[in-house]
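First the structure, in the form of structure tokens, and then the observations on it.
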Amino acid sequence: MKIEESKKLQFLEKMIFIRQFEYKIIDFARTGKIYGSVHLCVGEEACAVGTGFAFKKEDYILPTHRGHGQAIARGTDPKKLLAEISAKETGLCKGRVGSMHFFDKENNIVGCQGILGAQFPIAVGVGLAINLRKEDSIAACYFGDGTSNQGLFYEGMNFASIWDLPILFICLNNLYGMGTHYKKTCKIDIYEKAKLFGIKTDTADGNDVEEVYEKTLKLSEYIRKNKKPGLIELYTYRWLGHSALDSRPYRPKEEVEEWIKKDPIKRYEEKLLKEGIPVEEIDAVKASVEKQIEETAKFAEESPFPEFTKDMEI
Amino acid sequence: MKIEESKKLQFLEKMIFIRQFEYKIIDFARTGKIYGSVHLCVGEEACAVGTGFAFKKEDYILPTHRGHGQAIARGTDPKKLLAEISAKETGLCKGRVGSMHFFDKENNIVGCQGILGAQFPIAVGVGLAINLRKEDSIAACYFGDGTSNQGLFYEGMNFASIWDLPILFICLNNLYGMGTHYKKTCKIDIYEKAKLFGIKTDTADGNDVEEVYEKTLKLSEYIRKNKKPGLIELYTYRWLGHSALDSRPYRPKEEVEEWIKKDPIKRYEEKLLKEGIPVEEIDAVKASVEKQIEETAKFAEESPFPEFTKDMEI
Amino acid sequence: MTRDLTYAEALREAMREEMEKDKGVFLVGEDVGQGYRGCFAVSTGLYEEFGPYQIIDTPISENTILGCGIGASLVGMKPIVEMMFADFVAVAFDGILNQAAKVRMMSANQYKLNLVIRLPGGSKNGTGPQHSQSLESIFMSIPGIKIACPVTPYDAKGLLKEAINHEDPVIFFEHKKLYSLKGPVPEEEYKIPFGVARIAREGKDLTIIAISYMVNVALEAAEILKEKHNLEIEVIDPRTIVPFDLETVGKSLKKTNKAIIIEEGIKRDGVGAEISSLIMENFFDYLDFPVKRIASKNSIIPMSPRLEKAVIPNKESVVKEIEDLLIL
Amino acid sequence: MTRDLTYAEALREAMREEMEKDKGVFLVGEDVGQGYRGCFAVSTGLYEEFGPYQIIDTPISENTILGCGIGASLVGMKPIVEMMFADFVAVAFDGILNQAAKVRMMSANQYKLNLVIRLPGGSKNGTGPQHSQSLESIFMSIPGIKIACPVTPYDAKGLLKEAINHEDPVIFFEHKKLYSLKGPVPEEEYKIPFGVARIAREGKDLTIIAISYMVNVALEAAEILKEKHNLEIEVIDPRTIVPFDLETVGKSLKKTNKAIIIEEGIKRDGVGAEISSLIMENFFDYLDFPVKRIASKNSIIPMSPRLEKAVIPNKESVVKEIEDLLIL
Ligand SMILES: Cc1ncc(C[n+]2csc(CCOP(=O)(O)OP(=O)(O)O)c2C)c(N)n1
Ligand SMILES: Cc1ncc(C[n+]2csc(CCOP(=O)(O)OP(=O)(O)O)c2C)c(N)n1
Ligand SMILES: [Mg+2]
Ligand SMILES: [Mg+2]
């Protein structure tokens with residue numbers, strides 16, 4: 001597959017943007033501007049961007065509890081997202097829910113999940129609706145390696161399989177669920193589980209944005225065309241703690257360092273340079289991100305806090 | 001494996017007993033002596049007997065909602081069971097719960113399940129306790145084909161697999177869950193699901209009592225010795241409706257007739273005759289069953305109904 | 001034109017009418033279509049009429065069945081989810097508590113969840129502890145949902161049609177003992193708005209607020225007490241317990257000054273606890289004595305008919321409690 | 001000898017002592033042992049002390065985690081199950097409603113279920129709608145279980161030790177805001193029996209019954225009202241809401257003739273509904289006015305601190321409500 005240069009630069013830009021966005025959250029958190037649980041995706045940007053760019057406008061997205069990158073790559077306005085995480089009136093959900101449970105109807109984001117596994121049955125419902133209404137969209141259902149141990153994952157795959165639902169299951173396998181290594185929780189590779197259900201599967205280096213993009217696109221098109229489910233497992237790593245300011249040392253230092261060497265952004269930048277994209281263009285991207293991030297932060301900071309309104313009571 | 005003649009006659013006796021027991025329930029039901037939902041296992045007697053005889057006294061049993069045969073083969077006093085189903089004070093649980101939720105501590109029956117799938121997590125807990133206390137027992141967890149679609153089944157297999165739990169999963173595959181054929185609900189053979197988890201599996205003709213017995217015994221011994229889980233899938237058929245007096249015609253007549261031809265009892269009786277067991281002995285078994293059934297019925301009928309007692313309120 | 005229909009037929013007619021009007025309405029659940037055709041035969045015939053796009057059989061997986069409803073509703077359909085027995089909703093409880101109920105409030109009204117969850121509840125024929133519960137009160141303390149519990153065929157149809165088009169999730173309790181009972185149902189289109197109680201019997205001496213099947217028990221008890229003691233009992237059927245029509249109750253109390261609540265669920269923190277508190281908070285000065293709650297004992301619903309009778313209120317026990325209360 | 005311990009330390013000490021005494025006591029849950037060492041660090045260090053036979057990490061599968069408890073308890077162990085957040089118990093709700101709670105009654109006392117389910121509940125730091133709920137009332141209408149909600153480190157330890165040895169399932173609510181608070185805890189062995197309330201503050205003018213963290217809010221409010229209006233407020237902490245110590249409440253009411261219930265759960269059919277009904281049924285004639293319920297709004301627990309403050313009772317709102325009530 002030939003990816004245009006402009007798209008490549010977009011990939012790079014979005015990845016850098018997502019990372020800066022996450023670091024901005026840490027800044028915010030350190031100065032008490034962030035509320036609630038916040039799960040950051042630094043190190044996993046290629047997964048977010050590679051998948052997010054593979055969807056069409058009409059597709060439905062179910063991000064995880066670690067969903068900022070997934071949403072931003074999808075098209076969510078980062079200003080509204082940061083405002084949401086900062087508990088502001090201008091946030092996606094008026095500051096009501098923060099990082100872990102936002103919805104973004106404009107971009108067909110039907111809700112992130114604070115309850116691990118709850119996305120699977122909902123994705124089945126979305127997929128069912130697509131089929132009943134003969135739409136051309138697909139439902140993209142993100143989940144983590146740890147979450148794949150919920151029984152709901154299997155039920156979801158089963159329904160998708162017997163009903164031929166256009167669901168793309170996207171596993172972000174970052175090796176850990178909180179402090180627990182996947183290997184301690186299950187002996188089976190996640191994509192193997194899907195294979196059992198006759199679901200078309202693929203795996204990818206989750207730190208290689210183009211590979212993620214190409215494979216996701218291919219699988220999405222297969223799903224769209226054949227109205228059958230697919231699953232892609234992306235191998236990646238989160239650099240930071242489980243949540244924003246958490247730094248419990250449950251992972252070997254060497255492992256973390258090893259993965260930081262596989263930095264999806266640095267790696268992609270080097271690749272683009274090698275391909276002959278001028279360093280100025282890359283610098284321009286970086287400068288642009290910096291500016292956007294400042295604007296995003298300013299928007300969030302200057303937005304007012306919400307007041308309680310009657311419609312919050314049902 | 002060489003099975004002694006006396007044991008063979010026991011197999012036959014128990015199968016006939018279970019069948020007569022179930023038919024006695026229909027009698028009772030027709031004359032208004034039975035309360036609540038009752039699920040009968042006529043046609044599936046070889047599964048109950050072949051597995052039940054393979055356990056040791058110290059093993060723990062979790063029967064299904066269709067559990068009379070499973071319990072009787074295990075050793076449950078049929079008098080107390082019929083009394084329970086007839087809502088009598090002398091029942092296993094003092095007439096409180098009937099056919100679907102009885103417990104029989106004397107025989108380590110830790111409860112039948114009215115909630116399909118709820119047996120799996122409980123079996124995990126029992127298996128865990130066996131390991132923590134270094135017991136030699138195993139936990140036998142019965143379930144139906146339809147029930148295998150609950151996410152809990154997968155969770156249970158996963159825990160059993162990663163923790164090496166001594167659980168024997170026993171699937172009674174009678175092709176249907178109520179009115180729905182298994183093929184409409186899942187594309188995967190049930191034993192294949194277990195294989196994925198690295199669980200040792202076997203399948204058997206569920207209408208051949210010796211095959212069921214031998215394979216269950218072998219798998220149980222494997223589990224006991226290696227402290228690892230196993231799963232056996234038994235192919236069988238229920239002759240009657242989903243519940244006692246139900247006769248909805250959701251199954252093709254020919255299919256039912258086909259399976260009635262495979263009658264596990266008739267077939268076994270013929271086999272024993274062919275092996276040279278005198279017809280008199282078989283007739284003696286039948287006569288003995290008849291007598292036991294009459295005694296069982298009499299006990300249940302003559303027992304008093306329970307009164308509400310304070311200990312029923314917690 | 002009005003005919004007599006059973007409660008089950010009335011529910012079926014409600015679904016049929018809405019499915020005809022709107023292809024976005026569908027029923028999903030275990031054995032609702034082909035094969036068993038509805039455990040209580042509520043949906044019998046609908047599969048033949050509407051086919052697999054609107055009558056959807058599922059594997060035994062309550063969680064994902066509910067998810068079919070939540071997901072499809074999120075993208076604009078109007079699903080009806082059937083749990084075969086109300087008790088099984090426990091398997092899918094997270095979907096209600098943490099998902100369905102919260103979607104509108106969490107998304108700040110971006111998404112509304114037009115979703116009906118039909119729950120055949122209550123005790124009938126000794127189906128025992130895991131198939132007989134009246135779980136209304138467990139749902140009452142969940143913000144974001146509505147709870148309907150129709151008693152007559154008329155209400156069953158009217159409330160279900162309202163629920164199917166309602167923009168928040170509706171927990172729709174059907175009582176198994178009601179399915180075969182008949183009552184008049186007009187052929188003409190109608191819906192019953194939520195939060196409007198029905199006076200099932202008028203009276204001036206005592207107000208009974210009864211939930212679900214207990215309305216019928218209350219009516220029987222009222223008849224007996226009329227004959228025995230010439231008591232005029234008013235029986236109020238709230239029809240929906242969330243929202244609850246406190247106004248109608250208040251009007252009645254101003255007349256009778258005495259209130260009893262009867263429910264089949266257990267007493268501790270039951271539906272009656274909320275209604276009793278509401279009444280006392282709002283009509284304290286009208287009450288001759290504290291609101292009385294009659295409910296099931298704090299036990300399992302036993303299979304044995306005799307035990308069941310000891311656990312669940314019935315007309316004799318209700319008559320006796322009222323006689324004791326009024327020292328008749 | 002008495003030391004000051006945090007609530008989390010007190011819980012840990014209770015588990016440690018019981019685990020030492022009885023190898024049948026074990027803790028099972030997500031990240032309770034190695035790795036994360038307890039989401040709220042309650043079990044930190046116990047893995048190192050007791051190893052994988054008593055401190056058991058699991059996959060993310062709440063249903064089966066609860067099953068570990070039910071199954072092991074059925075065969076005679078004394079498991080402690082931890083749900084990482086109380087809200088996740090919804091995922092495993094069937095195990096409580098239809099299994100654990102019913103085992104003893106269904107089996108006619110053949111089996112008893114010695115099982116503790118630890119639920120870190122309540123709102124702290126804006127963890128939002130799916131991680132902040134106070135779900136006490138949902139469990140209150142389930143027969144067969146006990147519900148503890150300790151407030152002080154002393155009670156946390158004493159009630160947990162009691163719970164670990166209790167022969168029915170105990171839903172053990174811990175409030176996240178309490179974990180870091182300190183209080184005196186004796187080194188000597190003690191347990192706190194269920195159903196015995198604690199008078200957290202004595203007074204004669206008004207009785208507040210407060211649940212979980214709201215006890216602290218009530219104490220703060222009482223202090224303010226003492227200073228502002230010289231009001232002497234009695235604050236009662238029931239410690240267990242099932243069983244509920246109505247006697248202590250009654251004694252207080254005979255003195256104050258006024259009752260308020262404060263809880264963090266939502267008001268509709270909340271814990272307050274049951275307590276309010278009980279009070280009115282039993283002490284109607286002592287009451288100057290109806291029992292007042294102060295509780296969270298019928299909403300999600302929002303993440304935004306300002307919204308959260310509008311939803312959940314706090315000392316200012318409680319003071320204001322009491323001032324309004326007494327027209328001060
Ligand atoms: C039902 C449920 N159980 C547990 C949690 C607590 N929790 C939040 S994130 C997390 C780890 C999830 O791991 P994984 O799925 O691998 O995603 P990752 O955090 O690695 O992105 C846990 C246990 C939760 N939010 N919901
Ligand atoms: C959680 C739950 N869902 C649905 C039911 C209703 N139900 C009882 S038996 C049954 C069919 C079970 O099929 P299978 O597991 O194959 O067992 P079989 O009846 O064939 O022995 C159903 C749907 C139930 N009891 N519990
Ligand atoms: Mg992970
Ligand atoms: Mg079957």
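In the structure tokens, chains take letters A, B, ... by order of appearance, with residues numbered from 1 within each chain and ligands from 1 in the order shown.
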Exercise. Please return, as number ranges by chain, all residues of chain C lying within 6 Å of chain A when only C-alpha atoms are considered.
Key: C: 64, 67-72, 105, 107-108, 143-144
Selected residues written out with all heavy atoms, as a compact mmCIF listing (two decimals), in the first residue's frame:
# COMPACT_ATOMS: atom_id res chain seq x y z
N THR C 64 -25.07 -10.04 26.98
CA THR C 64 -24.96 -9.56 25.61
C THR C 64 -26.34 -9.31 25.02
O THR C 64 -26.50 -8.45 24.14
CB THR C 64 -24.11 -10.55 24.79
OG1 THR C 64 -22.85 -10.69 25.45
CG2 THR C 64 -23.87 -10.04 23.38
N GLY C 67 -26.94 -5.99 26.02
CA GLY C 67 -26.07 -5.16 25.19
C GLY C 67 -26.65 -4.92 23.80
O GLY C 67 -26.49 -3.84 23.24
N CYS C 68 -27.32 -5.91 23.25
CA CYS C 68 -27.99 -5.73 21.96
C CYS C 68 -28.93 -4.54 22.04
O CYS C 68 -29.02 -3.72 21.13
CB CYS C 68 -28.81 -6.96 21.58
SG CYS C 68 -27.82 -8.37 21.13
N GLY C 69 -29.62 -4.45 23.17
CA GLY C 69 -30.54 -3.34 23.36
C GLY C 69 -29.82 -2.02 23.55
O GLY C 69 -30.15 -1.02 22.91
N ILE C 70 -28.81 -2.02 24.40
CA ILE C 70 -28.12 -0.75 24.68
C ILE C 70 -27.45 -0.23 23.41
O ILE C 70 -27.61 0.93 23.03
CB ILE C 70 -27.07 -0.94 25.80
CG1 ILE C 70 -27.76 -1.41 27.09
CG2 ILE C 70 -26.32 0.35 26.05
CD1 ILE C 70 -26.78 -1.78 28.21
N GLY C 71 -26.69 -1.09 22.76
CA GLY C 71 -25.94 -0.67 21.57
C GLY C 71 -26.86 -0.18 20.45
O GLY C 71 -26.63 0.87 19.85
N ALA C 72 -27.90 -0.95 20.19
CA ALA C 72 -28.80 -0.57 19.10
C ALA C 72 -29.53 0.72 19.43
O ALA C 72 -29.74 1.57 18.55
CB ALA C 72 -29.80 -1.70 18.83
N MET C 105 -27.29 10.89 31.22
CA MET C 105 -26.67 11.84 32.15
C MET C 105 -25.18 11.97 31.90
O MET C 105 -24.63 13.06 31.95
CB MET C 105 -26.96 11.40 33.59
CG MET C 105 -28.44 11.52 33.95
SD MET C 105 -28.81 11.11 35.69
CE MET C 105 -28.69 9.33 35.68
N SER C 107 -23.55 11.43 29.05
CA SER C 107 -23.23 12.04 27.76
C SER C 107 -23.78 13.46 27.69
O SER C 107 -23.68 14.11 26.64
CB SER C 107 -23.79 11.20 26.61
OG SER C 107 -25.19 11.33 26.52
N ALA C 108 -24.34 13.95 28.76
CA ALA C 108 -24.93 15.29 28.78
C ALA C 108 -25.94 15.43 27.63
O ALA C 108 -25.89 16.37 26.85
CB ALA C 108 -23.84 16.36 28.72
N PRO C 143 -30.72 5.87 39.56
CA PRO C 143 -31.16 7.03 38.80
C PRO C 143 -31.07 6.76 37.30
O PRO C 143 -30.22 5.98 36.87
CB PRO C 143 -30.15 8.12 39.18
CG PRO C 143 -29.33 7.58 40.29
CD PRO C 143 -29.45 6.09 40.26
N GLY C 144 -31.95 7.37 36.54
CA GLY C 144 -31.82 7.30 35.09
C GLY C 144 -32.76 6.32 34.41
O GLY C 144 -32.77 6.24 33.18
Exercise. Could you pull out the residues sitting within 7 Å of ligand 4, using only C-alpha atoms and all ligand atoms, and write them as a ChimeraX atom specification?
Key: /B:144-146,172-178
Quiz item: Residues within 12 Å of ligand 3 (only C-alpha atoms and all ligand atoms), as number ranges by chain?
Solution: A: 39-41, 44, 64-66, 116, 142-149, 171-183, 185, 190, 233-239, 241-243; D: 59-60
Quiz prompt | Closest of B:Ser6, B:Ser303, B:Gln150, B:Gln292 to ligand 2 - atom-to-atom distances counting only C-alpha atoms and all ligand atoms | solution =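 Smallest separation from ligand 2 among the options: B:Gln150.
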Could you give me, as CSV, a per-residue list for chain C showing, wherever an atom lies at most 9 Å from an atom of ligand 2, the closest pair of atoms and their distance in Å to one decimal, using only C-alpha atoms and all ligand atoms and sorting by chain then residue number from low to high?
residue,atom,partner,partner_atom_place_in_ligand_line,distance
C:Glu30,CA,ligand 2,23 (C),6.5
C:Asp31,CA,ligand 2,23 (C),7.6
C:Cys39,CA,ligand 2,6 (C),8.5
C:Pro59,CA,ligand 2,23 (C),8.4
C:Ile60,CA,ligand 2,3 (N),5.8
C:Ser61,CA,ligand 2,3 (N),7.2
C:Glu62,CA,ligand 2,1 (C),6.6
C:Met83,CA,ligand 2,3 (N),7.9
C:Met84,CA,ligand 2,4 (C),6.2
C:Phe85,CA,ligand 2,5 (C),7.4
C:Asp87,CA,ligand 2,1 (C),8.3
C:Phe88,CA,ligand 2,1 (C),5.2
C:Val89,CA,ligand 2,1 (C),8.2
C:Ala90,CA,ligand 2,1 (C),8.6
C:Val91,CA,ligand 2,1 (C),6.7
C:Gln130,CA,ligand 2,25 (N),8.1
C:His131,CA,ligand 2,25 (N),7.7
With C-alpha atoms retained, write the just-selected residues as a JSON list (two decimals), in the first residue's frame.
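The resulting file, out.json, is shown below:
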[["chain", "number", "residue", "atom", "x", "y", "z"],
["C", 30, "GLU", "CA", -33.81, -16.17, 24.42],
["C", 31, "ASP", "CA", -36.33, -18.22, 22.52],
["C", 39, "CYS", "CA", -41.22, -18.80, 27.48],
["C", 59, "PRO", "CA", -27.77, -17.67, 22.65],
["C", 60, "ILE", "CA", -28.06, -17.94, 26.43],
["C", 61, "SER", "CA", -26.03, -14.85, 27.28],
["C", 62, "GLU", "CA", -28.10, -12.31, 29.20],
["C", 83, "MET", "CA", -35.12, -11.49, 30.05],
["C", 84, "MET", "CA", -36.78, -14.86, 30.21],
["C", 85, "PHE", "CA", -37.31, -14.47, 33.96],
["C", 87, "ASP", "CA", -34.38, -12.97, 38.14],
["C", 88, "PHE", "CA", -31.89, -13.39, 35.28],
["C", 89, "VAL", "CA", -31.48, -9.66, 34.98],
["C", 90, "ALA", "CA", -28.96, -10.05, 37.79],
["C", 91, "VAL", "CA", -26.64, -11.61, 35.24],
["C", 130, "GLN", "CA", -34.22, -18.11, 41.40],
["C", 131, "HIS", "CA", -37.30, -17.75, 39.18]]
Quiz prompt | Within 9 Å of chain D: residues of chain C, using only C-alpha atoms, as a PyMOL selection string | solution = chain C and resi 87-99+102+105-106+129-130+135+137-144+265-278+280-282+284-285+289-293+297-300+302
Self-check item: Long-range neighbours of D:Leu231 as a count of residues only, 10 Å cut-off, only C-alpha atoms, 2 positions minimum in chain
Solution: 14
Exercise. Please report, as a PyMOL selection string, each residue of stretch 204-241 of chain B to which DSSP assigns helix (DSSP H, G or I) when run on this structure's backbone.
Key: chain B and resi 209-226
Prev. selection, all heavy atoms, output as a short mmCIF file (atom, residue, chain, number, x, y, z; two decimals), in the first residue's frame:
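again01.cif, written as the output of this step:
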data_model
loop_
_atom_site.label_atom_id
_atom_site.label_comp_id
_atom_site.auth_asym_id
_atom_site.auth_seq_id
_atom_site.Cartn_x
_atom_site.Cartn_y
_atom_site.Cartn_z
N VAL B 209 -23.25 -46.05 28.22
CA VAL B 209 -22.88 -45.82 29.62
C VAL B 209 -21.45 -46.25 29.93
O VAL B 209 -20.75 -45.59 30.69
CB VAL B 209 -23.90 -46.52 30.57
CG1 VAL B 209 -23.84 -48.02 30.45
CG2 VAL B 209 -23.69 -46.09 32.02
N GLU B 210 -21.00 -47.33 29.31
CA GLU B 210 -19.64 -47.77 29.62
C GLU B 210 -18.60 -46.81 29.06
O GLU B 210 -17.59 -46.53 29.70
CB GLU B 210 -19.42 -49.20 29.12
CG GLU B 210 -20.23 -50.20 29.93
CD GLU B 210 -19.84 -51.65 29.62
OE1 GLU B 210 -18.87 -51.87 28.86
OE2 GLU B 210 -20.52 -52.56 30.15
N GLU B 211 -18.87 -46.34 27.86
CA GLU B 211 -17.93 -45.38 27.28
C GLU B 211 -17.86 -44.12 28.14
O GLU B 211 -16.78 -43.60 28.43
CB GLU B 211 -18.36 -45.03 25.84
CG GLU B 211 -17.36 -44.11 25.16
CD GLU B 211 -17.75 -43.75 23.72
OE1 GLU B 211 -18.48 -44.56 23.08
OE2 GLU B 211 -17.34 -42.68 23.25
N VAL B 212 -19.01 -43.65 28.54
CA VAL B 212 -19.04 -42.46 29.40
C VAL B 212 -18.27 -42.72 30.68
O VAL B 212 -17.43 -41.92 31.11
CB VAL B 212 -20.49 -42.04 29.73
CG1 VAL B 212 -20.51 -40.91 30.77
CG2 VAL B 212 -21.23 -41.60 28.47
N TYR B 213 -18.54 -43.87 31.28
CA TYR B 213 -17.88 -44.21 32.53
C TYR B 213 -16.36 -44.28 32.37
O TYR B 213 -15.60 -43.67 33.13
CB TYR B 213 -18.41 -45.55 33.05
CG TYR B 213 -17.67 -46.08 34.24
CD1 TYR B 213 -17.78 -45.46 35.49
CD2 TYR B 213 -16.84 -47.21 34.13
CE1 TYR B 213 -17.09 -45.95 36.59
CE2 TYR B 213 -16.15 -47.69 35.23
CZ TYR B 213 -16.27 -47.06 36.46
OH TYR B 213 -15.58 -47.53 37.54
N GLU B 214 -15.94 -45.02 31.39
CA GLU B 214 -14.50 -45.22 31.23
C GLU B 214 -13.77 -43.91 30.94
O GLU B 214 -12.72 -43.61 31.50
CB GLU B 214 -14.22 -46.22 30.11
CG GLU B 214 -14.56 -47.64 30.53
CD GLU B 214 -14.50 -48.63 29.37
OE1 GLU B 214 -13.97 -48.27 28.29
OE2 GLU B 214 -14.99 -49.77 29.55
N LYS B 215 -14.35 -43.13 30.07
CA LYS B 215 -13.67 -41.88 29.71
C LYS B 215 -13.70 -40.87 30.85
O LYS B 215 -12.75 -40.13 31.08
CB LYS B 215 -14.30 -41.30 28.45
CG LYS B 215 -13.97 -42.12 27.21
CD LYS B 215 -14.51 -41.49 25.95
CE LYS B 215 -13.91 -42.13 24.71
NZ LYS B 215 -14.50 -41.58 23.46
N THR B 216 -14.82 -40.86 31.57
CA THR B 216 -14.89 -39.94 32.71
C THR B 216 -13.91 -40.35 33.79
O THR B 216 -13.21 -39.51 34.37
CB THR B 216 -16.32 -39.93 33.31
OG1 THR B 216 -17.25 -39.65 32.26
CG2 THR B 216 -16.46 -38.87 34.38
N LEU B 217 -13.84 -41.65 34.02
CA LEU B 217 -12.92 -42.15 35.03
C LEU B 217 -11.48 -41.79 34.66
O LEU B 217 -10.70 -41.30 35.49
CB LEU B 217 -13.07 -43.67 35.14
CG LEU B 217 -12.40 -44.32 36.34
CD1 LEU B 217 -13.05 -43.84 37.64
CD2 LEU B 217 -12.49 -45.84 36.25
N LYS B 218 -11.16 -42.01 33.41
CA LYS B 218 -9.80 -41.74 32.96
C LYS B 218 -9.46 -40.25 33.13
O LYS B 218 -8.40 -39.88 33.64
CB LYS B 218 -9.68 -42.14 31.48
CG LYS B 218 -8.29 -42.56 31.08
CD LYS B 218 -8.26 -43.18 29.70
CE LYS B 218 -7.04 -42.69 28.96
NZ LYS B 218 -7.23 -42.63 27.51
N LEU B 219 -10.38 -39.43 32.71
CA LEU B 219 -10.15 -37.99 32.80
C LEU B 219 -10.10 -37.54 34.26
O LEU B 219 -9.26 -36.71 34.64
CB LEU B 219 -11.26 -37.25 32.04
CG LEU B 219 -10.99 -35.82 31.58
CD1 LEU B 219 -9.66 -35.67 30.87
CD2 LEU B 219 -12.12 -35.33 30.67
N SER B 220 -10.96 -38.11 35.09
CA SER B 220 -10.95 -37.76 36.51
C SER B 220 -9.62 -38.12 37.14
O SER B 220 -9.07 -37.36 37.95
CB SER B 220 -12.03 -38.52 37.28
OG SER B 220 -13.28 -38.27 36.73
N GLU B 221 -9.11 -39.27 36.77
CA GLU B 221 -7.84 -39.69 37.37
C GLU B 221 -6.70 -38.79 36.89
O GLU B 221 -5.81 -38.44 37.66
CB GLU B 221 -7.56 -41.17 37.07
CG GLU B 221 -8.49 -42.10 37.85
CD GLU B 221 -8.73 -41.63 39.30
OE1 GLU B 221 -7.75 -41.40 40.03
OE2 GLU B 221 -9.92 -41.48 39.69
N TYR B 222 -6.79 -38.41 35.64
CA TYR B 222 -5.81 -37.45 35.12
C TYR B 222 -5.86 -36.15 35.94
O TYR B 222 -4.83 -35.60 36.35
CB TYR B 222 -6.10 -37.17 33.64
CG TYR B 222 -5.46 -35.91 33.12
CD1 TYR B 222 -4.15 -35.90 32.65
CD2 TYR B 222 -6.16 -34.70 33.12
CE1 TYR B 222 -3.56 -34.73 32.20
CE2 TYR B 222 -5.58 -33.54 32.67
CZ TYR B 222 -4.28 -33.55 32.21
OH TYR B 222 -3.70 -32.38 31.77
N ILE B 223 -7.07 -35.68 36.19
CA ILE B 223 -7.25 -34.42 36.92
C ILE B 223 -6.73 -34.55 38.35
O ILE B 223 -6.01 -33.70 38.86
CB ILE B 223 -8.75 -34.03 36.94
CG1 ILE B 223 -9.21 -33.70 35.52
CG2 ILE B 223 -9.03 -32.89 37.89
CD1 ILE B 223 -10.71 -33.55 35.36
N ARG B 224 -7.11 -35.66 38.96
CA ARG B 224 -6.71 -35.91 40.35
C ARG B 224 -5.19 -35.96 40.48
O ARG B 224 -4.61 -35.41 41.40
CB ARG B 224 -7.30 -37.24 40.79
CG ARG B 224 -7.80 -37.30 42.21
CD ARG B 224 -8.38 -38.67 42.53
NE ARG B 224 -9.64 -38.95 41.84
CZ ARG B 224 -10.82 -38.50 42.27
NH1 ARG B 224 -10.89 -37.78 43.35
NH2 ARG B 224 -11.92 -38.78 41.60
N LYS B 225 -4.60 -36.63 39.52
CA LYS B 225 -3.15 -36.84 39.61
C LYS B 225 -2.38 -35.58 39.25
O LYS B 225 -1.43 -35.21 39.93
CB LYS B 225 -2.75 -37.96 38.64
CG LYS B 225 -1.73 -38.92 39.22
CD LYS B 225 -1.36 -40.03 38.25
CE LYS B 225 0.01 -39.78 37.66
NZ LYS B 225 0.26 -40.58 36.45
N ASN B 226 -2.80 -34.94 38.18
CA ASN B 226 -2.02 -33.82 37.67
C ASN B 226 -2.50 -32.47 38.19
O ASN B 226 -1.88 -31.45 37.91
CB ASN B 226 -2.07 -33.80 36.15
CG ASN B 226 -1.49 -35.06 35.56
OD1 ASN B 226 -0.27 -35.19 35.48
ND2 ASN B 226 -2.35 -36.00 35.20
#
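Here atom CA of D:Leu119 is placed at a distance of 15.9 Å from atom CA of D:Pro153.
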Self-check item: In stretch 84-230 of chain B, DSSP strand (DSSP E or B) residues written as a PyMOL selection string
Solution: chain B and resi 104+109+139-144+167-173+176-177+180-181+200-205+230
Quiz item: Quick one: residues within 8 Å of stretch 265-276 of chain A, only C-alpha atoms counted, chain neighbours fewer than 6 positions away excluded, as a PyMOL selection string?
Solution: chain A and resi 8+12+15-16+45-46+208-209+282
Could you save the residues just selected, with C-alpha atoms, as an mmCIF file, in the first residue's frame?
data_model
loop_
_atom_site.group_PDB
_atom_site.id
_atom_site.type_symbol
_atom_site.label_atom_id
_atom_site.label_comp_id
_atom_site.auth_asym_id
_atom_site.auth_seq_id
_atom_site.Cartn_x
_atom_site.Cartn_y
_atom_site.Cartn_z
ATOM 1 C CA LYS A 8 2.404 10.384 6.634
ATOM 2 C CA LEU A 12 3.342 11.986 12.664
ATOM 3 C CA MET A 15 1.073 11.002 17.229
ATOM 4 C CA ILE A 16 3.100 13.912 18.480
ATOM 5 C CA GLU A 45 0.223 6.599 20.015
ATOM 6 C CA ALA A 46 0.805 4.527 16.883
ATOM 7 C CA ASP A 208 4.587 0.981 13.796
ATOM 8 C CA VAL A 209 1.914 3.425 12.751
ATOM 9 C CA ILE A 282 8.920 17.673 10.347
#
